[in-house]
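A short worksheet on the structure shown next.
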Amino acid sequence: MASVDIVERSSWARYIMMDLLTLKKEQRQNGWYVEHFSAPPRESSRAWEPWKGGVFIHYTGSRLSFSPDSETDCRKKIASMFPAHYEESGDIEYNFLVCPHGTIYEGRGYERGEANGGAYIDIDRTRSLGRNTAFYSIQGMLGVPDEPTVDMLISMKNLIYHLRYEKPRERQAGGLIYPHNAGGWPTECPGDHLIDQAKNGSYIDPEPPADTEPPSDTIQIISRSGWGARAPQQVAKVPASERTGFVVHYSAGPTSQTPRAIQNYHMDAQGWWDIGYNFLVDRGGRIFEGRGWDNEGSHTRSYNRSHIAVCFIGRDGDATSAAKVAIRSLYAKTNAVFGRQLSPTYHSALGSTACPGDDLRAWVRAGMPVSGLKDVVGGDGAGTGGGSVRSVASQQRAVNGLGYSPALDVDGMFGPRTEAGVKWLQARVGTAVDGIWGPNTEAAYKAYTGTGNSSNGLTSIRTVASQQRAVNGLGHSPALDVDGMFGLRTEAGVKWLQAKVGTTADGLWGSATEAAYNDFTGGDATYSDGGLTTIRSVVYQQHAVNGLGHSPALDVDGIFGPRTEAGVKWLQAEVGSVPDGLWGPDTEAAYGSYHDGSRLSVDGTFGPQTIAATQQAIGVTADGVWGPEARRALQQHLNTWAEAGLTVDGDVGPGTVKAMQGHLNKMTGAGLTVDGDWGSGTTKALQTALNQGRF
């Protein structure tokens, strides 16, 4: 039983009052915000690894005392914080808030928050962690003059215990407790009266549970958005009937590597569509979604369609017992997904390679023995089960709802029976019968069932309201209601616009329609929700551009005009994304990686900070000293990731520098002359690559 009671966010969201300027800019009623943010917290598209860090402690920062008479006062106080947080990050920024009565309120909950500040905090001389990537945020609802109540401190202690010891591994908090101003962050938070509690060894630092407490018996697959994945360039679906095997790999890099770093290498250096593996496992036993269950991989020549690949993140001998339990449990889950036993094997059994190293090779040959299996749950996100529009369970319910017989089990597993059911539904609603529930199937299903609404149509390029304004702007009569609802009239209006601008009139506003519309209008629209706003609002995009130092700063007015578009393109180039002016999943992931990353000054100076960031990337102690161990690790890194063939002797001569320059050109398009001269230009390219997670 959980040690705490957490009050859902709907309790305070009912009191949200947005300012009139925001309501006007976003053309919404206040009730939309109340309803939308009363729902459970949404998963962030940025990396979230709280097990590595712990918690940051905050206060409200108000110069006035906060002395609530009732819980209603506390709930209204949280709601009063919301508008400013929404403008900055799209939601309340804290994970949890604890009021003076000791009540714990849900903010972002167990999803990533944005309250701790950007970039890294140095934990010690050997490691740095993302302030938001690796830490929960807990606000004690105190003003500057206020002392924390006993009830507040007890609840904080119980909450930290809950986060450390009662959550699944992928949502557990690490053991660190920091004040918000730790690491020199420029703030007085959490104030004079709470700062003594915001550290390890204080009253709110709970004792660990008894050793007899059973570990969690489940492993939740961390979704692509949970580790900040880039969008795939394309996908190729594999029918479940073609799957025959399960192959184990290793990354051959340090255990500190992230899935995002591996994905960057696969996409930028290898030129692949996406990260190559179906799943990845780290030494802590966490499972990360790669290409998922139903997409073709890029991992084992001649076996990319037939085999599901799992990659252990590390080198030979690094795999822990927790990692092996996760791999073996994932194999059992894979057999359950496909409804039959797949053949387990390892990479070097299928090709000439050292992968996955002697230790994992011997373990697989022995039958992958472990002390016990865990139930693996999840894995039906963007890389799985027929697309990212609906979860597998939702697809199964939809199939059953149209009368499919025998009804599917709603178990979230995309096996042969579910695939057949989706094909049956597609035939019934009149769309292409391919077993993949993408945007066209979603639109056809909603049209068939009469449930067309604001989530119908295709809104990955423009919101529905923006489509309606564009249709009206070209003279459609009668004019559409700009209500954000994608019904039959809006669909007809979009088709009319498509015919007018000379593109396929299918009612779906995709990239081809956007390009044709911009060509037709001259690309000078200044509508308030233009650009790509399904990921981040225009206001957020403008704040982000300014936050990275764009000059002159953009006006934060919510208007997506030429200056904002130019600013977004500047930001995209800065963070290593395609500079197309559309803030989509790839830009979001790249910005998140950069914002939470090294944030080195690109000044061409190979000083202690750049050295430490390089050391962290190549898997040695990040002490800022460029000694023999670091130089050898650089050579090994280039051998692994650039196939450099260097002698690992610590002599960083022209051969090593040429290999690094070539690697930087391939990963970031640096345009360096490969001359073996490590000058300031090479260091600048290295700093850029480290900032973007591309080294």
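Identifiers in this document derive from the order of the structure tokens: chains are assigned A, B, ..., residues are numbered from 1 separately in each chain, and ligands are numbered from 1 in order of occurrence.
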Would you mind listing what lies within 9 Å of segment 222-237 of chain A as a PyMOL selection string, with only C-alpha atoms counted and same-chain residues fewer than 5 positions away left out?
chain A and resi 43-49+111-112+170+258-260+263-264+267+272-275+286-291+294-297+305+378-383+386+436+584-590+592-593
- Message: Applying 9 Å and only C-alpha atoms, which residues near Asp5 of chain A remain after dropping the ones on its own chain fewer than 5 positions away? List them as a ChimeraX atom specification.
- Response: /A:103-105,159
Any idea what's packed within 10 Å of Pro478 of chain A, counting only C-alpha atoms, ignoring anything in its chain fewer than 5 positions away? Could you give it as a list in words?
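Here the qualifying residues turn out to be Asn472, Arg489 and Gly493 of chain A.
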Considering only C-alpha atoms, return as an mmCIF file with N, CA, C and O atoms, in the first residue's frame whatever protein or nucleic-acid residues lie within 8 Å of segment 63-74 of chain A, sequence-local ones (same chain, fewer than 5 positions apart) excluded.
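Final output, saved to result05.cif:
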data_model
loop_
_atom_site.group_PDB
_atom_site.id
_atom_site.type_symbol
_atom_site.label_atom_id
_atom_site.label_comp_id
_atom_site.auth_asym_id
_atom_site.auth_seq_id
_atom_site.Cartn_x
_atom_site.Cartn_y
_atom_site.Cartn_z
ATOM 1 N N CYS A 99 0.907 21.453 0.699
ATOM 2 C CA CYS A 99 0.386 22.661 1.350
ATOM 3 C C CYS A 99 0.665 22.619 2.851
ATOM 4 O O CYS A 99 1.079 21.595 3.394
ATOM 5 N N PRO A 100 0.453 23.726 3.557
ATOM 6 C CA PRO A 100 0.724 23.748 5.003
ATOM 7 C C PRO A 100 -0.084 22.736 5.804
ATOM 8 O O PRO A 100 0.316 22.363 6.915
ATOM 9 N N HIS A 101 -1.233 22.290 5.264
ATOM 10 C CA HIS A 101 -2.024 21.273 5.977
ATOM 11 C C HIS A 101 -1.441 19.878 5.803
ATOM 12 O O HIS A 101 -1.938 18.921 6.407
ATOM 13 N N MET A 141 4.422 24.810 -0.198
ATOM 14 C CA MET A 141 3.645 26.014 -0.488
ATOM 15 C C MET A 141 3.839 27.039 0.634
ATOM 16 O O MET A 141 2.975 27.262 1.484
ATOM 17 N N LEU A 142 5.021 27.682 0.598
ATOM 18 C CA LEU A 142 5.404 28.671 1.595
ATOM 19 C C LEU A 142 5.745 29.982 0.921
ATOM 20 O O LEU A 142 6.354 29.991 -0.153
ATOM 21 N N GLY A 143 5.397 31.074 1.549
ATOM 22 C CA GLY A 143 5.917 32.368 1.151
ATOM 23 C C GLY A 143 7.259 32.611 1.820
ATOM 24 O O GLY A 143 7.696 31.836 2.687
ATOM 25 N N VAL A 144 7.912 33.708 1.453
ATOM 26 C CA VAL A 144 9.232 34.016 2.012
ATOM 27 C C VAL A 144 9.214 34.071 3.541
ATOM 28 O O VAL A 144 10.132 33.555 4.197
ATOM 29 N N PRO A 145 8.177 34.657 4.196
ATOM 30 C CA PRO A 145 8.217 34.763 5.664
ATOM 31 C C PRO A 145 7.851 33.472 6.392
ATOM 32 O O PRO A 145 8.006 33.408 7.616
ATOM 33 N N ASP A 146 7.348 32.458 5.684
ATOM 34 C CA ASP A 146 6.685 31.333 6.337
ATOM 35 C C ASP A 146 7.653 30.232 6.766
ATOM 36 O O ASP A 146 8.587 29.878 6.042
#
I'd like to know which residues of segment 16-131 of chain A are strand (DSSP E) (by DSSP, run on the backbone); could you write them as a list in words?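 Output for segment 16-131 of chain A, strand (DSSP E) only: Gly54, Val55, Phe56, Ile57, His58, Tyr59, Phe96, Leu97, Val98, Ile104, Tyr105, Glu106, Tyr120, Ile121, Asp122, Ile123, Asp124, Arg127, Ser128, Leu129 and Gly130 of chain A.
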Filtering to N, CA and C atoms, could you give me those residues as a PDB file, in the first residue's frame?
ATOM      1  N   GLY A  54      16.972  12.401  -8.140  1.00  0.00           N
ATOM      2  CA  GLY A  54      16.202  12.430  -6.906  1.00  0.00           C
ATOM      3  C   GLY A  54      15.152  13.502  -6.944  1.00  0.00           C
ATOM      4  N   VAL A  55      15.216  14.475  -6.012  1.00  0.00           N
ATOM      5  CA  VAL A  55      14.208  15.531  -5.942  1.00  0.00           C
ATOM      6  C   VAL A  55      14.869  16.878  -5.687  1.00  0.00           C
ATOM      7  N   PHE A  56      14.271  17.915  -6.261  1.00  0.00           N
ATOM      8  CA  PHE A  56      14.569  19.301  -5.906  1.00  0.00           C
ATOM      9  C   PHE A  56      13.420  19.825  -5.049  1.00  0.00           C
ATOM     10  N   ILE A  57      13.762  20.646  -4.052  1.00  0.00           N
ATOM     11  CA  ILE A  57      12.775  21.242  -3.151  1.00  0.00           C
ATOM     12  C   ILE A  57      12.617  22.727  -3.500  1.00  0.00           C
ATOM     13  N   HIS A  58      11.376  23.185  -3.558  1.00  0.00           N
ATOM     14  CA  HIS A  58      11.041  24.559  -3.938  1.00  0.00           C
ATOM     15  C   HIS A  58      10.123  25.201  -2.895  1.00  0.00           C
ATOM     16  N   TYR A  59       9.916  26.507  -3.038  1.00  0.00           N
ATOM     17  CA  TYR A  59       8.834  27.200  -2.328  1.00  0.00           C
ATOM     18  C   TYR A  59       8.141  28.116  -3.328  1.00  0.00           C
ATOM     19  N   PHE A  96       4.855  17.829  -7.782  1.00  0.00           N
ATOM     20  CA  PHE A  96       3.942  17.752  -6.638  1.00  0.00           C
ATOM     21  C   PHE A  96       4.052  19.046  -5.837  1.00  0.00           C
ATOM     22  N   LEU A  97       2.956  19.382  -5.165  1.00  0.00           N
ATOM     23  CA  LEU A  97       2.927  20.555  -4.288  1.00  0.00           C
ATOM     24  C   LEU A  97       2.357  20.112  -2.948  1.00  0.00           C
ATOM     25  N   VAL A  98       2.982  20.556  -1.852  1.00  0.00           N
ATOM     26  CA  VAL A  98       2.561  20.167  -0.508  1.00  0.00           C
ATOM     27  C   VAL A  98       2.147  21.425   0.241  1.00  0.00           C
ATOM     28  N   ILE A 104      -0.925  16.606  -0.210  1.00  0.00           N
ATOM     29  CA  ILE A 104      -0.045  16.510  -1.382  1.00  0.00           C
ATOM     30  C   ILE A 104      -0.903  16.606  -2.635  1.00  0.00           C
ATOM     31  N   TYR A 105      -0.600  17.582  -3.471  1.00  0.00           N
ATOM     32  CA  TYR A 105      -1.350  17.791  -4.707  1.00  0.00           C
ATOM     33  C   TYR A 105      -0.523  17.351  -5.914  1.00  0.00           C
ATOM     34  N   GLU A 106      -1.190  16.749  -6.859  1.00  0.00           N
ATOM     35  CA  GLU A 106      -0.564  16.325  -8.102  1.00  0.00           C
ATOM     36  C   GLU A 106      -0.398  17.513  -9.036  1.00  0.00           C
ATOM     37  N   TYR A 120      22.577  21.075 -16.788  1.00  0.00           N
ATOM     38  CA  TYR A 120      23.030  20.046 -15.853  1.00  0.00           C
ATOM     39  C   TYR A 120      23.338  20.622 -14.488  1.00  0.00           C
ATOM     40  N   ILE A 121      23.346  19.727 -13.492  1.00  0.00           N
ATOM     41  CA  ILE A 121      23.939  20.032 -12.196  1.00  0.00           C
ATOM     42  C   ILE A 121      25.059  19.028 -11.984  1.00  0.00           C
ATOM     43  N   ASP A 122      26.226  19.521 -11.552  1.00  0.00           N
ATOM     44  CA  ASP A 122      27.361  18.651 -11.273  1.00  0.00           C
ATOM     45  C   ASP A 122      27.132  17.961  -9.936  1.00  0.00           C
ATOM     46  N   ILE A 123      27.074  16.635  -9.968  1.00  0.00           N
ATOM     47  CA  ILE A 123      26.849  15.865  -8.744  1.00  0.00           C
ATOM     48  C   ILE A 123      28.158  15.714  -7.977  1.00  0.00           C
ATOM     49  N   ASP A 124      29.200  15.398  -8.692  1.00  0.00           N
ATOM     50  CA  ASP A 124      30.551  15.321  -8.136  1.00  0.00           C
ATOM     51  C   ASP A 124      31.504  15.483  -9.312  1.00  0.00           C
ATOM     52  N   ARG A 127      30.327  13.006 -12.487  1.00  0.00           N
ATOM     53  CA  ARG A 127      29.070  12.945 -13.235  1.00  0.00           C
ATOM     54  C   ARG A 127      28.257  14.222 -13.062  1.00  0.00           C
ATOM     55  N   SER A 128      27.455  14.476 -14.100  1.00  0.00           N
ATOM     56  CA  SER A 128      26.495  15.575 -14.098  1.00  0.00           C
ATOM     57  C   SER A 128      25.150  15.010 -14.526  1.00  0.00           C
ATOM     58  N   LEU A 129      24.063  15.623 -14.034  1.00  0.00           N
ATOM     59  CA  LEU A 129      22.725  15.137 -14.350  1.00  0.00           C
ATOM     60  C   LEU A 129      21.844  16.305 -14.779  1.00  0.00           C
ATOM     61  N   GLY A 130      20.904  16.035 -15.674  1.00  0.00           N
ATOM     62  CA  GLY A 130      19.947  17.040 -16.091  1.00  0.00           C
ATOM     63  C   GLY A 130      19.036  17.432 -14.942  1.00  0.00           C
TER      64      GLY A 130
END
What is the atom CA of Arg631 of chain A-atom CA of Gly650 of chain A distance in Å, reported with one decimal?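 Distance between the two atoms: 4.8 Å.
Backbone DSSP over segment 287-387 of chain A gives alpha helix (DSSP H) for Ser321, Ala322, Ala323, Lys324, Val325, Ala326, Ile327, Arg328, Ser329, Leu330, Tyr331, Ala332, Lys333, Thr334, Asn335, Ala336, Val337, Phe338, Gly357, Asp358, Asp359, Leu360, Arg361, Ala362, Trp363, Val364 and Arg365 of chain A.
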Subject >> Nearest residue to Ser306 of chain A from the set A:Thr621, A:Gln468, A:Asn278, A:Ser321 (distances using only C-alpha atoms) >> reply: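 Of the candidates, the smallest distance to Ser306 of chain A is held by A:Asn278.
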- Item | Contacts of Asp318 of chain A within 12 Å, only C-alpha atoms, excl. fewer than 6 positions in-chain, as a list in words |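 The residues that qualify are Tyr250, Ser251, Ala252, Gly253, Pro254, Thr255, Ser256, Val281, Asp282, Arg283, Gly284, Gly285, Phe312, Lys324, Pro356, Gly357, Asp358, Asp359 and Leu360 of chain A.
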For C-alpha atoms, I'd like the residues from the last selection saved as a PDB file, in the first residue's frame.
ATOM      1  CA  TYR A 250      25.289  -4.821 -27.063  1.00  0.00           C
ATOM      2  CA  SER A 251      26.089  -1.198 -27.842  1.00  0.00           C
ATOM      3  CA  ALA A 252      29.862  -1.628 -27.293  1.00  0.00           C
ATOM      4  CA  GLY A 253      29.899   1.818 -25.670  1.00  0.00           C
ATOM      5  CA  PRO A 254      29.926   3.033 -22.061  1.00  0.00           C
ATOM      6  CA  THR A 255      26.945   2.291 -19.834  1.00  0.00           C
ATOM      7  CA  SER A 256      26.461   6.056 -19.531  1.00  0.00           C
ATOM      8  CA  VAL A 281      18.041  -2.341 -21.889  1.00  0.00           C
ATOM      9  CA  ASP A 282      20.367  -0.504 -19.501  1.00  0.00           C
ATOM     10  CA  ARG A 283      22.405  -1.874 -16.617  1.00  0.00           C
ATOM     11  CA  GLY A 284      19.654  -0.865 -14.169  1.00  0.00           C
ATOM     12  CA  GLY A 285      17.203  -3.232 -15.886  1.00  0.00           C
ATOM     13  CA  PHE A 312      22.155  -3.952 -23.923  1.00  0.00           C
ATOM     14  CA  LYS A 324      19.641  -9.928 -17.809  1.00  0.00           C
ATOM     15  CA  PRO A 356      27.202  -9.014 -27.919  1.00  0.00           C
ATOM     16  CA  GLY A 357      30.511  -9.884 -26.233  1.00  0.00           C
ATOM     17  CA  ASP A 358      31.633 -13.072 -24.482  1.00  0.00           C
ATOM     18  CA  ASP A 359      29.473 -12.652 -21.381  1.00  0.00           C
ATOM     19  CA  LEU A 360      26.088 -12.146 -23.068  1.00  0.00           C
TER      20      LEU A 360
END
re atom CA of Asn158 of chain A and atom CA of Glu207 of chain A: distance 10.2 Å
Using only C-alpha atoms, the residue out of A:Ile327, A:Val399, A:Ala269, A:Ala322 with shortest distance to Arg428 of chain A is A:Val399
Any idea what's packed within 10 Å of Met17 of chain A, counting only C-alpha atoms, ignoring anything in its chain fewer than 6 positions away? Could you give it as a CSV table (one decimal) with N, CA and C atoms, in the first residue's frame?
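Saved as selection13.csv:
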chain,number,residue,atom,x,y,z
A,23,LEU,N,-6.5,34.0,-23.7
A,23,LEU,CA,-7.8,33.5,-24.3
A,23,LEU,C,-8.0,34.1,-25.7
A,30,ASN,N,-12.2,29.8,-21.2
A,30,ASN,CA,-11.5,29.4,-20.0
A,30,ASN,C,-11.9,28.0,-19.7
A,31,GLY,N,-13.1,27.6,-19.9
A,31,GLY,CA,-13.5,26.2,-19.6
A,31,GLY,C,-12.6,25.1,-20.3
A,33,TYR,N,-9.4,25.2,-20.7
A,33,TYR,CA,-8.2,25.0,-19.8
A,33,TYR,C,-8.6,24.2,-18.6
A,34,VAL,N,-9.7,24.5,-18.0
A,34,VAL,CA,-10.2,23.7,-16.8
A,34,VAL,C,-10.4,22.3,-17.2
A,76,LYS,N,-6.8,27.1,-4.9
A,76,LYS,CA,-6.9,28.3,-5.6
A,76,LYS,C,-5.5,28.9,-5.8
A,79,ALA,N,-3.9,27.0,-8.6
A,79,ALA,CA,-4.5,27.4,-9.9
A,79,ALA,C,-3.9,28.8,-10.3
A,80,SER,N,-3.6,29.7,-9.3
A,80,SER,CA,-3.1,31.0,-9.6
A,80,SER,C,-1.7,30.9,-10.2
A,81,MET,N,-1.0,29.9,-9.9
A,81,MET,CA,0.4,29.7,-10.5
A,81,MET,C,0.3,29.3,-11.9
A,82,PHE,N,-0.8,28.6,-12.3
A,82,PHE,CA,-0.8,27.9,-13.5
A,82,PHE,C,-0.6,28.8,-14.8
A,83,PRO,N,-1.3,30.0,-14.9
A,83,PRO,CA,-1.1,30.7,-16.2
A,83,PRO,C,0.3,31.0,-16.5
